Amino acid sequence: MNKTALFFPGQGSQSVGMMAGFNDNPVIKQTFTEASDILKTDFWAMATEPNELLNQTQNTQPLMLIAGVATYRAFIAAGGLQAPKNKIIAHAGHSLGEYTALVASSALTFADALPLVKYRAEVMQSAVPEGVGAMAAILGLDDELVRESCKEAAQNEVCEAVNYNSFGQVVIAGNKAAVERAMEICKAKGAKRALPLPVSVPSHCALMRPAAQKLAKYLKIVTISSPKIPVIHNADVAAYNDAEKIKDALVRQLYSPVRWVETVQMIDSLGITSAAECGPGKVLASLTKRIVAELPCAALTSNDAILEFISS
């Protein structure tokens, strides 16, 4: 029997036409319709037609949740949970994808998750005025040297390593000027590249603490159940059954690093024999192969991809 893990992508994997592989799938359309009715927004049009709304944080986060849940439901409808040789034993989501993982694990209802992630996006955006924060990807430099560079660059501002995506790929975030200084320092220390990211919110750094405080208050009225499948949380690389611990992990996630390398390594240590990225794009499938080369990870970006994964 295969032991399988499902990964759920976060913000940054969105693109126009990202659900094109599922255009004729009624489960996908039904999920988008359900979400659009709840949030009073036409998310299907946002995902399929060129527009300026797609990359706005308050739209992107709900959209990625919808896309991930829709893909997961399509996987279930195709027999993904019934396949005798595929036993799902762990879920993990990258940043916003952690919420999708909780929905897939039945810890959080889709109806509750939608306004929750929309609120999360709004408080993140309001915490840092446009142009004040920044993020950048540092490629080809040791993690410790990235952290040292951030400390050197801070100069009483915020600059931190926030996404440990794979070996030699770390994202930094903080005040724009400090991030720009850190990019230069990283290059001086030997980084192959330092690339600014086109984002409006510096996620997972100390600038998000005000947003985290607001999120904590909102989460008090949200019902969270014990996950049916363990969800590995970004901030701790640990799974919880207790609702209050899950809520606390979600709050701390806003200002804590996404420890993705450790997450994939932990899941691999559980004896996982296959994995799949459940949502648009192939970012996490690609990162998984870089972190654990021998762990196959499919990208479920179409009906055909789902069927191939189930039957493989």
# chains A, B, ... in the order shown; residues from 1 in each chain; ligands from 1
>>> select_by_dssp(residues="segment 109-224 of chain A", states="helix (DSSP H, G or I)", output="VMD selection string")
chain A and resid 110 to 127 143 to 154 176 to 188 206 to 219
>>> residues_around(residues="Val69 of chain A", least_positions_apart="4", cutoff="7 Å", atoms="only C-alpha atoms", output="PyMOL selection string")
chain A and resi 65+73+100+104
>>> write_last_selection(atoms="N, CA, C and O atoms", output="PDB file, in the first residue's frame")
ATOM      1  N   LEU A  65      -7.530  29.244  -2.093  1.00  0.00           N
ATOM      2  CA  LEU A  65      -8.261  28.297  -1.250  1.00  0.00           C
ATOM      3  C   LEU A  65      -9.301  27.549  -2.077  1.00  0.00           C
ATOM      4  O   LEU A  65      -9.399  26.314  -2.026  1.00  0.00           O
ATOM      5  N   ARG A  73     -11.539  18.087  -4.108  1.00  0.00           N
ATOM      6  CA  ARG A  73     -12.853  17.465  -4.308  1.00  0.00           C
ATOM      7  C   ARG A  73     -12.886  16.665  -5.607  1.00  0.00           C
ATOM      8  O   ARG A  73     -13.511  15.593  -5.671  1.00  0.00           O
ATOM      9  N   THR A 100      -6.182  25.482   3.251  1.00  0.00           N
ATOM     10  CA  THR A 100      -6.742  24.496   2.338  1.00  0.00           C
ATOM     11  C   THR A 100      -6.543  23.090   2.899  1.00  0.00           C
ATOM     12  O   THR A 100      -7.449  22.247   2.829  1.00  0.00           O
ATOM     13  N   ALA A 104      -9.347  20.248   3.720  1.00  0.00           N
ATOM     14  CA  ALA A 104      -9.254  18.885   3.191  1.00  0.00           C
ATOM     15  C   ALA A 104      -9.236  17.850   4.309  1.00  0.00           C
ATOM     16  O   ALA A 104      -9.658  16.712   4.111  1.00  0.00           O
TER      17      ALA A 104
END
>>> closest_residue(among="A:Val199, A:Cys150, A:Thr41, A:Leu114", to="Asn55 of chain A", atoms="only C-alpha atoms")
A:Val199
>>> closest_residue(among="A:Ala134, A:Val117, A:Asp143, A:Val171", to="Tyr218 of chain A", atoms="only C-alpha atoms")
A:Val117
>>> closest_residue(among="A:Ala285, A:Ile66, A:Leu197, A:Ala178", to="Val132 of chain A", atoms="only C-alpha atoms")
A:Ala178
>>> closest_residue(among="A:Gln11, A:Tyr240, A:Ala113, A:Lys189", to="Glu148 of chain A", atoms="only C-alpha atoms")
A:Lys189
>>> residues_around(residues="Ala35 of chain A", least_positions_apart="5", cutoff="12 Å", atoms="only C-alpha atoms", output="ChimeraX atom specification")
/A:28-30,40-44,62-67,69-70,109-115,118
>>> write_last_selection(atoms="C-alpha atoms", output="PDB file, in the first residue's frame")
ATOM      1  CA  ILE A  28     -14.700  22.145  -9.995  1.00  0.00           C
ATOM      2  CA  LYS A  29     -17.424  24.451 -11.298  1.00  0.00           C
ATOM      3  CA  GLN A  30     -19.728  23.571  -8.405  1.00  0.00           C
ATOM      4  CA  LYS A  40     -20.423  37.451  -3.593  1.00  0.00           C
ATOM      5  CA  THR A  41     -17.555  37.488  -6.085  1.00  0.00           C
ATOM      6  CA  ASP A  42     -17.222  35.776  -9.465  1.00  0.00           C
ATOM      7  CA  PHE A  43     -14.083  33.780  -8.782  1.00  0.00           C
ATOM      8  CA  TRP A  44     -14.441  31.615 -11.886  1.00  0.00           C
ATOM      9  CA  PRO A  62      -9.683  33.150  -1.269  1.00  0.00           C
ATOM     10  CA  LEU A  63      -9.100  32.163  -4.906  1.00  0.00           C
ATOM     11  CA  MET A  64      -6.195  29.859  -4.029  1.00  0.00           C
ATOM     12  CA  LEU A  65      -8.261  28.297  -1.250  1.00  0.00           C
ATOM     13  CA  ILE A  66     -11.129  27.690  -3.702  1.00  0.00           C
ATOM     14  CA  ALA A  67      -8.828  26.249  -6.351  1.00  0.00           C
ATOM     15  CA  VAL A  69     -10.421  22.688  -2.352  1.00  0.00           C
ATOM     16  CA  ALA A  70     -11.930  22.250  -5.835  1.00  0.00           C
ATOM     17  CA  THR A 109     -15.449  23.880   6.851  1.00  0.00           C
ATOM     18  CA  PHE A 110     -15.193  25.432   3.403  1.00  0.00           C
ATOM     19  CA  ALA A 111     -17.961  27.888   4.334  1.00  0.00           C
ATOM     20  CA  ASP A 112     -15.981  29.086   7.376  1.00  0.00           C
ATOM     21  CA  ALA A 113     -12.620  29.053   5.616  1.00  0.00           C
ATOM     22  CA  LEU A 114     -13.677  31.411   2.814  1.00  0.00           C
ATOM     23  CA  PRO A 115     -14.465  34.507   4.925  1.00  0.00           C
ATOM     24  CA  LYS A 118     -10.519  36.845   3.003  1.00  0.00           C
TER      25      LYS A 118
END
>>> select_by_dssp(residues="segment 104-147 of chain A", states="strand (DSSP E)", output="list in words")
Gly133, Ala134, Met135, Ala136, Ala137, Ile138 and Leu139 of chain A
>>> write_last_selection(atoms="N, CA, C and O atoms", output="PDB file, in the first residue's frame")
ATOM      1  N   GLY A 133       6.608  47.623   2.514  1.00  0.00           N
ATOM      2  CA  GLY A 133       7.229  46.317   2.673  1.00  0.00           C
ATOM      3  C   GLY A 133       7.678  45.728   1.352  1.00  0.00           C
ATOM      4  O   GLY A 133       7.332  46.220   0.271  1.00  0.00           O
ATOM      5  N   ALA A 134       8.460  44.648   1.441  1.00  0.00           N
ATOM      6  CA  ALA A 134       8.943  43.971   0.232  1.00  0.00           C
ATOM      7  C   ALA A 134       9.358  42.552   0.572  1.00  0.00           C
ATOM      8  O   ALA A 134       9.579  42.213   1.743  1.00  0.00           O
ATOM      9  N   MET A 135       9.448  41.730  -0.468  1.00  0.00           N
ATOM     10  CA  MET A 135       9.966  40.371  -0.334  1.00  0.00           C
ATOM     11  C   MET A 135      10.920  40.115  -1.485  1.00  0.00           C
ATOM     12  O   MET A 135      10.801  40.727  -2.550  1.00  0.00           O
ATOM     13  N   ALA A 136      11.872  39.212  -1.268  1.00  0.00           N
ATOM     14  CA  ALA A 136      12.836  38.869  -2.317  1.00  0.00           C
ATOM     15  C   ALA A 136      13.261  37.420  -2.157  1.00  0.00           C
ATOM     16  O   ALA A 136      13.310  36.887  -1.042  1.00  0.00           O
ATOM     17  N   ALA A 137      13.565  36.780  -3.270  1.00  0.00           N
ATOM     18  CA  ALA A 137      14.052  35.402  -3.253  1.00  0.00           C
ATOM     19  C   ALA A 137      15.566  35.407  -3.362  1.00  0.00           C
ATOM     20  O   ALA A 137      16.132  36.053  -4.250  1.00  0.00           O
ATOM     21  N   ILE A 138      16.211  34.698  -2.454  1.00  0.00           N
ATOM     22  CA  ILE A 138      17.669  34.582  -2.457  1.00  0.00           C
ATOM     23  C   ILE A 138      18.020  33.169  -2.901  1.00  0.00           C
ATOM     24  O   ILE A 138      17.612  32.186  -2.277  1.00  0.00           O
ATOM     25  N   LEU A 139      18.765  33.075  -3.982  1.00  0.00           N
ATOM     26  CA  LEU A 139      19.076  31.775  -4.561  1.00  0.00           C
ATOM     27  C   LEU A 139      20.572  31.464  -4.446  1.00  0.00           C
ATOM     28  O   LEU A 139      21.418  32.324  -4.704  1.00  0.00           O
TER      29      LEU A 139
END
>>> closest_residue(among="A:Ala235, A:Leu207, A:Val283, A:Ala127", to="Leu300 of chain A", atoms="only C-alpha atoms")
A:Val283
>>> residues_around(residues="Ala298 of chain A", least_positions_apart="5", cutoff="12 Å", atoms="only C-alpha atoms", output="number ranges by chain")
A: 4-8, 273-289, 304-310, 312
>>> residues_around(residues="Leu250 of chain A", least_positions_apart="3", cutoff="10 Å", atoms="only C-alpha atoms", output="list in words")
Ser95, Leu96, Glu98, Tyr99, Ala212, Leu215, Ala216, Leu219, His233, Asn234, Ala235, Glu244, Lys245, Ile246, Lys247, Gln253, Leu254, Tyr255 and Ser256 of chain A
>>> write_last_selection(atoms="N, CA and C atoms", output="compact mmCIF listing (two decimals), in the first residue's frame")
# COMPACT_ATOMS: atom_id res chain seq x y z
N SER A 95 2.01 28.23 3.45
CA SER A 95 1.43 29.52 3.82
C SER A 95 -0.09 29.46 3.75
N LEU A 96 -0.72 30.21 2.86
CA LEU A 96 -2.17 30.17 2.72
C LEU A 96 -2.67 28.75 2.50
N GLU A 98 -2.04 26.20 4.00
CA GLU A 98 -2.30 25.51 5.26
C GLU A 98 -3.80 25.49 5.57
N TYR A 99 -4.49 26.56 5.18
CA TYR A 99 -5.94 26.62 5.38
C TYR A 99 -6.65 25.62 4.48
N ALA A 212 -1.68 39.60 12.87
CA ALA A 212 -1.84 38.36 13.63
C ALA A 212 -2.75 38.59 14.84
N LEU A 215 -6.23 38.62 13.55
CA LEU A 215 -6.61 37.28 13.15
C LEU A 215 -6.97 36.43 14.37
N ALA A 216 -6.21 36.60 15.44
CA ALA A 216 -6.46 35.83 16.67
C ALA A 216 -7.86 36.11 17.21
N LEU A 219 -10.42 34.39 14.93
CA LEU A 219 -10.42 32.94 15.07
C LEU A 219 -11.20 32.46 16.30
N HIS A 233 1.90 21.88 10.33
CA HIS A 233 1.82 23.34 10.33
C HIS A 233 3.16 24.00 9.99
N ASN A 234 3.08 25.10 9.28
CA ASN A 234 4.27 25.83 8.81
C ASN A 234 5.18 26.29 9.93
N ALA A 235 4.59 26.84 10.99
CA ALA A 235 5.39 27.50 12.02
C ALA A 235 6.15 26.52 12.90
N GLU A 244 -7.46 24.82 19.85
CA GLU A 244 -6.76 26.04 20.29
C GLU A 244 -5.30 26.03 19.82
N LYS A 245 -4.70 24.87 19.79
CA LYS A 245 -3.32 24.79 19.30
C LYS A 245 -3.26 25.05 17.80
N ILE A 246 -4.27 24.58 17.07
CA ILE A 246 -4.32 24.84 15.63
C ILE A 246 -4.50 26.33 15.38
N LYS A 247 -5.40 26.97 16.11
CA LYS A 247 -5.62 28.41 15.95
C LYS A 247 -4.35 29.19 16.28
N GLN A 253 1.75 31.70 12.36
CA GLN A 253 2.19 31.54 10.98
C GLN A 253 2.35 32.88 10.27
N LEU A 254 1.52 33.86 10.63
CA LEU A 254 1.56 35.15 9.93
C LEU A 254 2.91 35.86 10.08
N TYR A 255 3.56 35.67 11.25
CA TYR A 255 4.82 36.37 11.48
C TYR A 255 6.00 35.42 11.69
N SER A 256 5.80 34.15 11.37
CA SER A 256 6.86 33.15 11.52
C SER A 256 7.26 32.58 10.16
>>> atom_distance(atom1="atom CA of Asn59 of chain A", atom2="atom CA of Met18 of chain A")
14.7 Å
>>> atom_distance(atom1="atom CA of Gly79 of chain A", atom2="atom CA of Ile272 of chain A")
19.5 Å
>>> closest_residue(among="A:Leu145, A:Leu116, A:Ala92, A:Ala182", to="Lys217 of chain A", atoms="only C-alpha atoms")
A:Leu116
>>> atom_distance(atom1="atom CA of Thr223 of chain A", atom2="atom CA of Ala243 of chain A")
8.1 Å
